[in-house]
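Asks: CSV, C-alpha atoms, saved as query_7.csv, coming up:
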chain,number,residue,atom,x,y,z
A,3,MET,CA,0.0,0.0,0.0
A,4,LEU,CA,1.2,3.4,-0.9
A,5,ILE,CA,1.2,5.7,2.1
A,6,LEU,CA,1.4,9.5,1.6
A,7,SER,CA,1.4,12.3,4.1
A,8,ARG,CA,-0.8,15.3,3.3
A,9,LYS,CA,-1.5,18.6,5.1
A,10,LEU,CA,-4.8,20.4,5.3
A,11,GLY,CA,-5.7,21.6,1.8
A,12,GLU,CA,-3.3,19.4,0.0
A,13,SER,CA,-4.4,16.8,-2.5
A,14,ILE,CA,-3.5,13.6,-4.3
A,15,VAL,CA,-4.3,12.9,-7.9
A,16,ILE,CA,-5.2,9.4,-9.1
A,17,ASP,CA,-4.9,8.5,-12.7
A,18,GLY,CA,-4.7,12.2,-13.6
A,19,ARG,CA,-8.4,12.7,-13.1
A,20,ILE,CA,-9.4,11.9,-9.6
A,21,HIS,CA,-8.5,14.5,-7.0
A,22,VAL,CA,-8.7,13.8,-3.3
A,23,THR,CA,-8.2,16.8,-1.1
A,24,VAL,CA,-8.0,17.0,2.7
A,25,MET,CA,-10.7,19.5,3.5
A,26,ARG,CA,-10.7,19.4,7.3
A,27,VAL,CA,-9.1,17.5,10.2
A,28,ASP,CA,-11.0,17.5,13.4
A,29,GLY,CA,-9.6,15.0,16.0
A,30,ASP,CA,-9.9,11.6,14.5
A,31,VAL,CA,-12.2,12.7,11.7
A,32,VAL,CA,-10.7,13.6,8.4
A,33,LYS,CA,-13.0,15.2,5.8
A,34,LEU,CA,-12.0,14.4,2.2
A,35,GLY,CA,-13.1,16.2,-0.9
A,36,ILE,CA,-13.2,14.0,-3.9
A,37,ALA,CA,-13.5,15.3,-7.4
A,38,ALA,CA,-13.8,12.6,-10.0
A,39,PRO,CA,-15.4,12.2,-13.4
A,40,SER,CA,-19.1,11.1,-13.3
A,41,GLU,CA,-18.3,7.6,-14.5
A,42,VAL,CA,-16.1,6.9,-11.5
A,43,PRO,CA,-18.3,5.6,-8.6
A,44,VAL,CA,-17.1,6.8,-5.2
A,45,HIS,CA,-18.6,5.1,-2.1
A,46,ARG,CA,-17.8,4.6,1.5
A,47,GLN,CA,-16.4,1.1,2.1
A,48,GLU,CA,-19.2,0.5,4.6
A,49,VAL,CA,-21.8,0.6,1.8
A,50,TYR,CA,-20.1,-2.3,0.0
A,51,GLU,CA,-19.9,-4.3,3.3
A,52,GLU,CA,-23.5,-3.5,4.2
A,53,ILE,CA,-24.8,-4.6,0.8
A,54,GLN,CA,-22.7,-7.7,0.9
A,55,ARG,CA,-24.0,-8.7,4.3
A,56,SER,CA,-27.5,-8.0,3.2
A,57,ASN,CA,-27.1,-10.2,0.1
A,58,GLN,CA,-25.7,-13.1,2.2
A,59,GLN,CA,-28.7,-12.8,4.5
A,60,ALA,CA,-31.1,-12.6,1.6
A,61,MET,CA,-29.9,-15.6,-0.4
A,62,THR,CA,-32.4,-18.3,0.5
A,63,LYS,CA,-33.9,-21.6,-0.2
A,64,GLN,CA,-36.6,-21.4,-2.8
A,65,THR,CA,-39.1,-23.3,-0.7
A,66,LEU,CA,-39.3,-20.5,1.8
A,67,PRO,CA,-42.9,-19.3,2.4
A,68,LEU,CA,-43.3,-15.6,1.5
A,69,PRO,CA,-45.1,-13.2,3.7
A,70,LYS,CA,-48.3,-11.5,2.6
A,71,LEU,CA,-48.0,-7.9,2.0
A,72,ALA,CA,-50.5,-5.2,3.0
A,73,GLU,CA,-53.5,-5.1,0.7
A,74,ALA,CA,-52.7,-1.8,-1.0
A,75,ILE,CA,-49.4,-3.2,-2.3
A,76,ALA,CA,-50.4,-6.9,-2.8
A,77,LYS,CA,-53.5,-6.0,-4.8
A,78,PRO,CA,-52.5,-4.3,-8.0
A,79,ALA,CA,-51.5,-6.8,-10.6
A,80,THR,CA,-48.2,-5.1,-11.1
A,81,LYS,CA,-45.7,-6.6,-13.4
A,82,LEU,CA,-42.1,-6.5,-12.4
A,83,ASP,CA,-41.8,-3.4,-14.3
A,84,GLY,CA,-39.3,-0.9,-13.0
A,85,LYS,CA,-38.2,2.4,-14.1
A,86,SER,CA,-35.1,4.3,-13.2
A,87,LYS,CA,-33.6,7.6,-13.4
A,88,THR,CA,-30.6,7.2,-15.6
B,6,MET,CA,-13.9,-32.6,-52.0
B,7,ASN,CA,-16.6,-30.2,-52.9
B,8,HIS,CA,-17.6,-27.7,-50.3
B,9,THR,CA,-21.0,-26.6,-51.4
B,10,ALA,CA,-22.6,-26.4,-48.0
B,11,THR,CA,-23.7,-22.9,-47.2
B,12,ILE,CA,-22.1,-21.5,-44.1
B,13,GLU,CA,-24.2,-18.7,-42.8
B,14,MET,CA,-23.5,-16.4,-40.0
B,15,GLU,CA,-26.4,-16.8,-37.7
B,16,THR,CA,-27.2,-14.5,-34.9
B,17,PRO,CA,-27.1,-16.4,-31.6
B,18,PRO,CA,-30.5,-17.5,-30.5
B,19,ALA,CA,-32.0,-15.1,-28.0
B,20,PRO,CA,-31.7,-16.3,-24.4
B,21,PRO,CA,-34.9,-17.6,-22.9
B,22,ASP,CA,-37.0,-14.7,-21.6
B,23,ASN,CA,-36.4,-15.4,-18.0
B,24,GLN,CA,-32.7,-15.7,-18.2
B,25,VAL,CA,-30.6,-13.0,-16.5
B,26,ARG,CA,-26.9,-12.7,-16.7
B,27,LEU,CA,-25.0,-10.8,-14.0
B,28,PRO,CA,-21.4,-10.8,-15.3
B,29,LEU,CA,-20.1,-9.4,-12.0
B,30,GLY,CA,-22.4,-11.5,-9.8
B,31,VAL,CA,-23.8,-9.7,-6.8
B,32,LEU,CA,-21.7,-8.5,-3.8
B,33,GLY,CA,-20.7,-11.6,-1.8
B,34,PHE,CA,-21.7,-13.9,-4.6
B,35,GLU,CA,-19.4,-12.7,-7.3
B,36,GLN,CA,-18.9,-16.2,-8.7
B,37,ILE,CA,-22.6,-16.8,-9.5
B,38,LYS,CA,-23.4,-15.1,-12.8
B,39,ASN,CA,-26.4,-16.9,-14.3
B,40,TYR,CA,-29.9,-16.5,-12.9
B,41,LEU,CA,-33.5,-17.2,-13.8
B,42,LEU,CA,-36.2,-14.7,-13.0
B,43,LEU,CA,-39.2,-16.7,-12.0
B,44,ALA,CA,-42.6,-15.3,-11.1
B,45,ASP,CA,-45.5,-17.2,-9.7
B,46,PRO,CA,-48.8,-15.1,-9.9
B,47,ALA,CA,-49.8,-16.5,-6.6
B,48,GLU,CA,-46.7,-15.0,-5.0
B,49,LYS,CA,-47.2,-11.5,-6.4
B,50,PRO,CA,-45.6,-9.0,-5.9
B,51,PHE,CA,-42.6,-11.1,-5.2
B,52,ALA,CA,-40.6,-13.0,-7.7
B,53,TRP,CA,-37.5,-15.2,-7.5
B,54,LEU,CA,-34.1,-14.6,-8.9
B,55,ARG,CA,-32.9,-18.2,-8.9
B,56,VAL,CA,-29.4,-19.4,-9.4
B,57,ALA,CA,-29.6,-21.0,-12.9
B,58,ASP,CA,-27.7,-24.1,-12.0
B,59,ASN,CA,-28.8,-24.5,-8.4
B,60,ALA,CA,-32.5,-24.7,-8.0
B,61,SER,CA,-32.2,-24.4,-4.2
B,62,LEU,CA,-30.5,-21.0,-4.1
B,63,ALA,CA,-32.5,-17.9,-4.9
B,64,PHE,CA,-33.1,-14.3,-4.0
B,65,VAL,CA,-36.6,-13.1,-3.4
B,66,VAL,CA,-37.0,-9.9,-5.4
B,67,ILE,CA,-39.6,-7.2,-5.7
B,68,ASP,CA,-40.3,-4.2,-7.9
B,69,PRO,CA,-39.1,-1.4,-5.5
B,70,PHE,CA,-41.4,1.2,-7.1
B,71,ILE,CA,-44.6,-0.6,-6.0
B,72,VAL,CA,-43.5,-0.4,-2.4
B,73,LEU,CA,-41.9,3.1,-2.7
B,74,PRO,CA,-43.4,4.9,-5.6
B,75,ASP,CA,-41.1,7.9,-5.1
B,76,TYR,CA,-37.9,5.8,-5.0
B,77,LYS,CA,-35.3,7.8,-7.0
B,78,PRO,CA,-32.3,5.6,-7.5
B,79,ASP,CA,-29.4,7.6,-9.0
B,80,ILE,CA,-27.7,5.1,-11.2
B,81,PRO,CA,-24.0,6.0,-11.8
B,82,GLN,CA,-23.1,6.8,-15.4
B,83,SER,CA,-20.5,4.0,-15.3
B,84,ASP,CA,-23.3,1.5,-14.6
B,85,VAL,CA,-25.5,3.0,-17.3
B,86,ASP,CA,-22.7,2.5,-19.8
B,87,PHE,CA,-21.8,-1.0,-18.5
B,88,LEU,CA,-25.4,-2.1,-19.0
B,89,GLY,CA,-25.8,-0.2,-22.3
B,90,LEU,CA,-28.9,1.6,-21.1
B,91,LYS,CA,-30.1,4.2,-23.6
B,92,ASP,CA,-33.3,5.1,-21.9
B,93,ALA,CA,-34.8,4.7,-18.5
B,94,SER,CA,-37.4,2.3,-20.0
B,95,ASP,CA,-34.6,-0.1,-20.9
B,96,ALA,CA,-34.0,-0.8,-17.2
B,97,LEU,CA,-35.8,-3.3,-15.0
B,98,LEU,CA,-35.1,-2.8,-11.3
B,99,LEU,CA,-35.3,-5.5,-8.7
B,100,GLY,CA,-35.0,-4.9,-5.0
B,101,ILE,CA,-33.5,-7.9,-3.2
B,102,VAL,CA,-35.8,-8.9,-0.3
B,103,THR,CA,-34.7,-10.4,3.0
B,104,ILE,CA,-37.3,-12.5,4.7
B,105,HIS,CA,-36.8,-12.2,8.4
B,106,GLY,CA,-39.8,-14.4,9.2
B,107,GLN,CA,-43.5,-14.5,8.4
B,108,ASN,CA,-44.0,-11.1,9.9
B,109,ARG,CA,-41.0,-9.2,8.7
B,110,ALA,CA,-39.4,-8.6,5.3
B,111,THR,CA,-37.2,-5.9,4.1
B,112,MET,CA,-35.8,-4.8,0.7
B,113,ASN,CA,-32.4,-3.4,-0.2
B,114,LEU,CA,-32.7,0.0,-1.7
B,115,LYS,CA,-29.0,0.9,-1.7
B,116,GLY,CA,-28.1,-1.8,-4.1
B,117,PRO,CA,-30.9,-2.7,-6.5
B,118,ILE,CA,-30.3,-5.1,-9.3
B,119,VAL,CA,-30.6,-3.2,-12.6
B,120,ILE,CA,-31.2,-5.3,-15.7
B,121,ASN,CA,-31.2,-4.2,-19.3
B,122,ARG,CA,-34.5,-5.7,-20.6
B,123,HIS,CA,-33.1,-6.1,-24.1
B,124,THR,CA,-29.8,-7.8,-23.3
B,125,GLN,CA,-31.1,-9.5,-20.1
B,126,THR,CA,-27.8,-8.5,-18.6
B,127,GLY,CA,-27.7,-6.9,-15.2
B,128,LYS,CA,-25.7,-5.7,-12.3
B,129,GLN,CA,-26.1,-4.9,-8.7
B,130,VAL,CA,-25.7,-1.2,-8.7
B,131,ILE,CA,-24.7,0.8,-5.7
B,132,ILE,CA,-26.8,3.9,-6.3
B,133,ALA,CA,-25.0,7.3,-6.0
B,134,ASN,CA,-27.6,8.4,-3.5
B,135,ALA,CA,-27.2,5.3,-1.4
B,136,ALA,CA,-27.0,7.4,1.7
B,137,ASP,CA,-30.7,8.4,1.3
B,138,TYR,CA,-31.9,4.8,1.4
B,139,SER,CA,-31.7,1.7,3.6
B,140,VAL,CA,-30.4,-1.8,2.8
B,141,GLN,CA,-33.3,-3.0,5.0
B,142,HIS,CA,-36.3,-1.0,4.0
B,143,PRO,CA,-39.3,-2.6,5.7
B,144,LEU,CA,-42.0,-4.1,3.5
B,145,PRO,CA,-45.5,-3.6,4.7
B,146,VAL,CA,-46.3,-7.1,5.8
B,147,ALA,CA,-50.0,-7.7,6.4
B,148,ALA,CA,-50.9,-8.3,10.0
B,149,ALA,CA,-51.2,-11.9,10.8
B,150,VAL,CA,-54.9,-13.0,11.2
Show how you would write the structure in this file as structure tokens.

Replies:
Amino acid sequence: MLILSRKLGESIVIDGRIHVTVMRVDGDVVKLGIAAPSEVPVHRQEVYEEIQRSNQQAMTKQTLPLPKLAEAIAKPATKLDGKSKT
Amino acid sequence: MNHTATIEMETPPAPPDNQVRLPLGVLGFEQIKNYLLLADPAEKPFAWLRVADNASLAFVVIDPFIVLPDYKPDIPQSDVDFLGLKDASDALLLGIVTIHGQNRATMNLKGPIVINRHTQTGKQVIIANAADYSVQHPLPVAAAV
């Protein structure tokens, strides 16, 4: 692992296009500013771990009985028909 | 020898309708890439995203918008490109459901599975606005009678 020391306001540049700047240091909290192109996803590591744990908990045997949902949601004959903001 | 047989380039047969390929797997199950989307009308609004070569492993999934109509997942541009989505209507979103028991079920809104309806290829996407949503968003389970 590459380890670099940075002072407040200083940055590192990754791949010539991702800029990580130390914005604020307050005790054991370091605030980082990240400027990256929109196609570079930036997430806290906890999000990955949280989703991974959730997936592991969700993977199941197909014979599991499913709960009944409240009328308002169970009723409409909705197809699995999503839409998304892209 | 006389090679008169015609050799034609054929487009590969379209995969069966319910086949879903997740080239990157889902987080924690990266090695499993082929799934079948199975829906039993009696189990609406749930469906199953079943591991293609293991009938005993599956995710329960649900259309997140029927539970949360104002769900606004911000799908990162890199994922839009990866999936080849040209329009919002190309995408099918599935929320992975965790069944905690007969009286409690939740869905993951931070990491929906986004599928390109035309290519039947998908990915578990960590939405850019994941901080606004829960991995365990409670589903309104009907009170037991």

Asks: Taking all atoms listed in the file into account, report as number ranges by chain which residues of chain B lie within 7 Å of chain A.

Replies: B: 32-33, 49-50, 61-64, 68, 70-72, 77-83, 85, 93-94, 96-98, 102-104, 107-108, 116, 140, 145-147

Asks: Near segment 25-31 of chain A, within 10 Å and counting only C-alpha atoms, which residues show up once chain neighbours fewer than 2 positions away are dropped, as a short mmCIF file (atom, residue, chain, number, x, y, z; two decimals) with C-alpha atoms, in the coordinates of the input?

Replies:
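Below you can see around-v2.cif, which holds the result:
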data_model
loop_
_atom_site.label_atom_id
_atom_site.label_comp_id
_atom_site.auth_asym_id
_atom_site.auth_seq_id
_atom_site.Cartn_x
_atom_site.Cartn_y
_atom_site.Cartn_z
CA LYS A 9 -1.50 18.60 5.10
CA LEU A 10 -4.80 20.40 5.30
CA GLY A 11 -5.70 21.60 1.80
CA GLU A 12 -3.30 19.40 0.00
CA SER A 13 -4.40 16.80 -2.50
CA VAL A 22 -8.70 13.80 -3.30
CA THR A 23 -8.20 16.80 -1.10
CA LYS A 33 -13.00 15.20 5.80
CA LEU A 34 -12.00 14.40 2.20
CA GLY A 35 -13.10 16.20 -0.90
CA ILE A 36 -13.20 14.00 -3.90
#

Asks: For atom CA of Leu42 of chain B and atom CA of Asn23 of chain B, quote the distance in Å rounded to one decimal.

Replies: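 It comes out at 5.1 Å.
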